[in-house]
Amino acid sequence: MIEVKDLYKSFDDKEVLKGINTIFEDGKTNLIIGQSGSGKTVLMKNLVGLLEPTSGQVLYDGRDFVQMSKQEKVMMRREMGMIFQSAALFDSLTVLENVMFPLDMFSPMTLHERTQRARECLDRVNLIGAEKKYPGEISGGMQKRVAIARAIALNPRYLFCDEPNSGLDPKTSLVIDDLLHSITHEFGITTIINTHDMNSVTTIGENILFIYEGHKEWQGVSADIMQSTNKRLTDFIFASDLLKEMRSLVNEHRAKQ
Ligand SMILES: Nc1ncnc2c1ncn2[C@@H]1O[C@H](COP(=O)(O)OP(=O)(O)OP(=O)(O)O)[C@@H](O)[C@H]1O
């Protein structure tokens, strides 16, 4: 479990995170949602140690990440898989070499074992057959799947994904969401996803944190959103008239049942 306690983060005199208290649950797809500029990426960077909080704590199973020694932080980072907005693959490496990269860096396995492990991960994301291709030769959706395969290569306990669906069409986004959700459950990973994608919220959001201007405005599961009376949340989620109409139809239907 990752617990965030009273987390503040400022840049010079600009306060971006204003006392976040939350829990990211084990073995679930935890989503962070909020308007552009609300502080989602800054929060995620604090979780993985790319930024240090101005004050407050990030506790991994009760242990404060900020207070850990350099060596302990290195050990913790090995338990974290990360997928960035752009798939961030190495263009000059093949798909297989990209997935092998973290294994080459951190695993004591032999070359044969590392190759086997990378193939297993590519198989899990349905990319067997693409091993010899270069990132420039495959679609954006396939690149994201390579990034997922690379992120799970070292069997992480935690998976952090910053806007995994950015730049993808809605159908491909569904495939990526489904993959992240099933991997989370299959391997018991604690997954944290920053997203703007309302489809992700309704389909895979098992624990959703809504940030508004740097503070926690709401937290719950996707089913609660339909009934929520929090105006900032509903204005954000049901930004279009079509979605507002769908929400009132669903609520009418429920009321009749
Ligand atoms: N290194 C930095 N120095 C100064 N300000 C920063 C820095 N990083 C982020 N910010 C500011 O913090 C605020 C929150 O940024 P953040 O990237 O977390 O937003 P976000 O919710 O992830 O937005 P988006 O959905 O557009 O990615 C923004 O106003 C941004 O300009």
# chains A, B, ... in the order shown; residues from 1 in each chain; ligands from 1
$ residues_near_ligand --ligand "ligand 1" --cutoff "6 Å" --atoms "only C-alpha atoms and all ligand atoms" --output "list in words"
Phe11, Val16, Gln35, Ser36, Gly37, Ser38, Gly39, Lys40, Thr41 and Val42 of chain A
$ residues_around --residues "Tyr60 (chain A)" --least-positions-apart "4" --cutoff "12 Å" --atoms "only C-alpha atoms" --output "PyMOL selection string"
chain A and resi 1-5+23-26+47-49+64-68+72-73+76-77+79-80+157-158+190
$ write_last_selection --atoms "C-alpha atoms" --output "compact mmCIF listing (two decimals), in the first residue's frame"
# COMPACT_ATOMS: atom_id res chain seq x y z
CA MET A 1 0.00 0.00 0.00
CA ILE A 2 1.20 3.50 -0.78
CA GLU A 3 0.03 6.13 1.66
CA VAL A 4 0.43 9.82 1.00
CA LYS A 5 0.32 12.00 4.11
CA ILE A 23 -4.07 5.78 -0.17
CA PHE A 24 -3.25 3.83 -3.34
CA GLU A 25 -4.54 0.33 -2.78
CA ASP A 26 -2.57 -2.88 -3.31
CA LEU A 47 5.57 9.06 -5.54
CA VAL A 48 8.47 7.69 -7.59
CA GLY A 49 11.09 10.02 -6.14
CA ASP A 64 8.85 6.86 4.28
CA PHE A 65 10.40 6.95 0.80
CA VAL A 66 11.93 10.38 1.34
CA GLN A 67 13.76 9.25 4.48
CA MET A 68 15.20 6.09 2.92
CA GLU A 72 17.15 1.70 -0.02
CA LYS A 73 15.79 4.06 -2.69
CA MET A 76 12.62 0.50 -4.01
CA ARG A 77 12.99 1.78 -7.57
CA GLU A 79 10.18 -2.62 -7.53
CA MET A 80 8.68 0.15 -9.70
CA ARG A 157 5.28 -4.50 -7.31
CA TYR A 158 4.23 -1.03 -8.44
CA THR A 190 -0.32 -1.89 -7.43
$ closest_residue --among "A:Arg145, A:Arg150, A:Lys70, A:Arg232" --to "Leu180 (chain A)" --atoms "only C-alpha atoms"
A:Arg145
$ select_by_dssp --residues "region 72-239 of chain A" --states "strand (DSSP E or B)" --output "ChimeraX atom specification"
/A:80-83,158-162,190-194,207-212,215-220
$ write_last_selection --atoms "C-alpha atoms" --output "PDB file, in the first residue's frame"
ATOM      1  CA  MET A  80       8.684   0.150  -9.698  1.00  0.00           C
ATOM      2  CA  GLY A  81       7.778  -0.136 -13.367  1.00  0.00           C
ATOM      3  CA  MET A  82       7.143   3.114 -15.220  1.00  0.00           C
ATOM      4  CA  ILE A  83       5.391   3.988 -18.429  1.00  0.00           C
ATOM      5  CA  TYR A 158       4.231  -1.035  -8.441  1.00  0.00           C
ATOM      6  CA  LEU A 159       3.392   0.203 -11.927  1.00  0.00           C
ATOM      7  CA  PHE A 160       3.227   3.947 -12.623  1.00  0.00           C
ATOM      8  CA  CYS A 161       1.691   5.117 -15.895  1.00  0.00           C
ATOM      9  CA  ASP A 162       1.556   8.770 -16.906  1.00  0.00           C
ATOM     10  CA  THR A 190      -0.319  -1.890  -7.427  1.00  0.00           C
ATOM     11  CA  THR A 191      -0.946   0.261 -10.479  1.00  0.00           C
ATOM     12  CA  ILE A 192      -1.245   4.034 -10.493  1.00  0.00           C
ATOM     13  CA  ILE A 193      -2.385   5.749 -13.669  1.00  0.00           C
ATOM     14  CA  ASN A 194      -2.584   9.466 -14.449  1.00  0.00           C
ATOM     15  CA  ASN A 207      -9.833   3.612  -6.760  1.00  0.00           C
ATOM     16  CA  ILE A 208     -10.077   7.089  -8.258  1.00  0.00           C
ATOM     17  CA  LEU A 209      -8.437  10.185  -6.823  1.00  0.00           C
ATOM     18  CA  PHE A 210      -9.732  13.484  -8.208  1.00  0.00           C
ATOM     19  CA  ILE A 211      -7.329  16.377  -7.712  1.00  0.00           C
ATOM     20  CA  TYR A 212      -8.583  19.939  -7.995  1.00  0.00           C
ATOM     21  CA  HIS A 215      -5.827  19.253  -3.293  1.00  0.00           C
ATOM     22  CA  LYS A 216      -7.833  16.051  -3.004  1.00  0.00           C
ATOM     23  CA  GLU A 217     -11.353  16.958  -3.997  1.00  0.00           C
ATOM     24  CA  TRP A 218     -12.876  13.477  -4.148  1.00  0.00           C
ATOM     25  CA  GLN A 219     -11.924   9.795  -3.932  1.00  0.00           C
ATOM     26  CA  GLY A 220     -14.013   6.744  -4.733  1.00  0.00           C
TER      27      GLY A 220
END
$ residues_around --residues "Asn126 (chain A)" --least-positions-apart "6" --cutoff "12 Å" --atoms "only C-alpha atoms" --output "JSON, numbers by chain"
{"A": [119, 120, 141, 142, 143, 144, 145, 146, 148, 149, 175, 176, 179]}
$ write_last_selection --atoms "N, CA and C atoms" --output "PDB file, in the first residue's frame"
ATOM      1  N   ARG A 119      10.870 -12.324 -24.032  1.00  0.00           N
ATOM      2  CA  ARG A 119       9.885 -12.931 -24.958  1.00  0.00           C
ATOM      3  C   ARG A 119       8.572 -13.220 -24.238  1.00  0.00           C
ATOM      4  N   GLU A 120       8.689 -13.700 -22.975  1.00  0.00           N
ATOM      5  CA  GLU A 120       7.464 -13.962 -22.169  1.00  0.00           C
ATOM      6  C   GLU A 120       6.641 -12.680 -22.046  1.00  0.00           C
ATOM      7  N   GLY A 141       0.063   2.272 -30.694  1.00  0.00           N
ATOM      8  CA  GLY A 141      -0.509   1.304 -29.740  1.00  0.00           C
ATOM      9  C   GLY A 141       0.477   0.185 -29.449  1.00  0.00           C
ATOM     10  N   MET A 142       1.168  -0.276 -30.505  1.00  0.00           N
ATOM     11  CA  MET A 142       2.167  -1.340 -30.301  1.00  0.00           C
ATOM     12  C   MET A 142       3.327  -0.811 -29.464  1.00  0.00           C
ATOM     13  N   GLN A 143       3.709   0.449 -29.712  1.00  0.00           N
ATOM     14  CA  GLN A 143       4.803   1.041 -28.905  1.00  0.00           C
ATOM     15  C   GLN A 143       4.423   1.057 -27.428  1.00  0.00           C
ATOM     16  N   LYS A 144       3.154   1.395 -27.147  1.00  0.00           N
ATOM     17  CA  LYS A 144       2.719   1.410 -25.736  1.00  0.00           C
ATOM     18  C   LYS A 144       2.781   0.002 -25.147  1.00  0.00           C
ATOM     19  N   ARG A 145       2.438  -0.993 -25.984  1.00  0.00           N
ATOM     20  CA  ARG A 145       2.486  -2.367 -25.477  1.00  0.00           C
ATOM     21  C   ARG A 145       3.934  -2.803 -25.210  1.00  0.00           C
ATOM     22  N   VAL A 146       4.873  -2.333 -26.054  1.00  0.00           N
ATOM     23  CA  VAL A 146       6.288  -2.631 -25.786  1.00  0.00           C
ATOM     24  C   VAL A 146       6.684  -1.978 -24.452  1.00  0.00           C
ATOM     25  N   ILE A 148       4.797  -1.375 -21.950  1.00  0.00           N
ATOM     26  CA  ILE A 148       4.217  -2.163 -20.843  1.00  0.00           C
ATOM     27  C   ILE A 148       5.061  -3.418 -20.608  1.00  0.00           C
ATOM     28  N   ALA A 149       5.415  -4.093 -21.712  1.00  0.00           N
ATOM     29  CA  ALA A 149       6.247  -5.309 -21.579  1.00  0.00           C
ATOM     30  C   ALA A 149       7.557  -4.972 -20.865  1.00  0.00           C
ATOM     31  N   VAL A 175      -7.798  -1.177 -25.568  1.00  0.00           N
ATOM     32  CA  VAL A 175      -6.900  -2.345 -25.519  1.00  0.00           C
ATOM     33  C   VAL A 175      -5.832  -2.121 -24.444  1.00  0.00           C
ATOM     34  N   ILE A 176      -5.275  -0.893 -24.405  1.00  0.00           N
ATOM     35  CA  ILE A 176      -4.218  -0.591 -23.428  1.00  0.00           C
ATOM     36  C   ILE A 176      -4.789  -0.638 -22.006  1.00  0.00           C
ATOM     37  N   LEU A 179      -5.346  -4.171 -20.966  1.00  0.00           N
ATOM     38  CA  LEU A 179      -4.062  -4.825 -20.691  1.00  0.00           C
ATOM     39  C   LEU A 179      -3.537  -4.418 -19.315  1.00  0.00           C
TER      40      LEU A 179
END
$ closest_residue --among "A:Gln85, A:Ser55, A:Ser139, A:Thr110" --to "Pro164 (chain A)" --atoms "only C-alpha atoms"
A:Gln85
$ atom_distance --atom1 "CA of Leu51 (chain A)" --atom2 "CA of Val74 (chain A)"
14.8 Å
$ atom_distance --atom1 "CA of Leu93 (chain A)" --atom2 "CA of Tyr134 (chain A)"
6.4 Å
$ residues_around --residues "Ala130 (chain A)" --least-positions-apart "5" --cutoff "9 Å" --atoms "only C-alpha atoms" --output "VMD selection string"
chain A and resid 94 to 96 122 138
$ atom_distance --atom1 "CA of Leu43 (chain A)" --atom2 "CA of Ile189 (chain A)"
19.3 Å
$ closest_residue --among "A:Asp169, A:Glu213, A:Asp91, A:Asp224" --to "Asp197 (chain A)" --atoms "only C-alpha atoms"
A:Asp169
$ residues_around --residues "Pro102 (chain A)" --least-positions-apart "4" --cutoff "10 Å" --atoms "only C-alpha atoms" --output "CSV table (one decimal) with N, CA and C atoms, in the first residue's frame"
chain,number,residue,atom,x,y,z
A,78,ARG,N,13.7,-0.5,-8.0
A,78,ARG,CA,13.7,-1.8,-8.7
A,78,ARG,C,12.3,-2.4,-8.7
A,81,GLY,N,7.8,-0.2,-11.9
A,81,GLY,CA,7.8,-0.1,-13.4
A,81,GLY,C,7.2,1.2,-13.8
A,97,GLU,N,15.1,-5.9,-27.8
A,97,GLU,CA,16.2,-5.2,-27.0
A,97,GLU,C,15.7,-4.2,-26.0
A,98,ASN,N,14.6,-3.5,-26.4
A,98,ASN,CA,14.0,-2.5,-25.5
A,98,ASN,C,13.5,-3.2,-24.3
A,106,PHE,N,19.7,-4.6,-14.7
A,106,PHE,CA,19.5,-4.9,-13.2
A,106,PHE,C,19.4,-6.4,-12.9
A,107,SER,N,19.3,-7.3,-13.9
A,107,SER,CA,19.0,-8.7,-13.5
A,107,SER,C,20.3,-9.5,-13.6
A,114,ARG,N,17.5,-13.9,-19.9
A,114,ARG,CA,16.9,-12.6,-20.2
A,114,ARG,C,16.1,-12.5,-21.5
A,118,ALA,N,12.2,-11.6,-21.7
A,118,ALA,CA,11.7,-10.6,-22.5
A,118,ALA,C,10.6,-11.1,-23.5
A,150,ARG,N,8.2,-3.8,-21.2
A,150,ARG,CA,9.4,-3.4,-20.6
A,150,ARG,C,9.2,-3.1,-19.1
A,151,ALA,N,8.1,-2.5,-18.8
A,151,ALA,CA,7.8,-2.1,-17.4
A,151,ALA,C,7.6,-3.3,-16.5
A,152,ILE,N,7.1,-4.4,-17.1
A,152,ILE,CA,6.8,-5.6,-16.2
A,152,ILE,C,8.0,-6.6,-16.2
A,153,ALA,N,9.0,-6.3,-17.0
A,153,ALA,CA,10.1,-7.3,-17.2
A,153,ALA,C,10.7,-7.7,-15.9
A,154,LEU,N,10.8,-6.8,-14.9
A,154,LEU,CA,11.5,-7.1,-13.7
A,154,LEU,C,10.5,-7.5,-12.6
$ select_by_dssp --residues "region 23-234 of chain A" --states "alpha helix (DSSP H)" --output "MDAnalysis selection string"
chainID A and resid 40:48 70:78 95:106 111:124 140:152 170:187 198:204 222:225 231:234
$ residues_around --residues "Gly205 (chain A)" --least-positions-apart "2" --cutoff "10 Å" --atoms "only C-alpha atoms" --output "list in words"
Lys28, Thr29, Asn30, Leu31, Ile32, Asp177, His181, Ile193, Met198, Asn199, Ser200, Val201, Thr202, Thr203, Asn207, Ile208, Leu209, Gly220, Val221, Ser222 and Ala223 of chain A
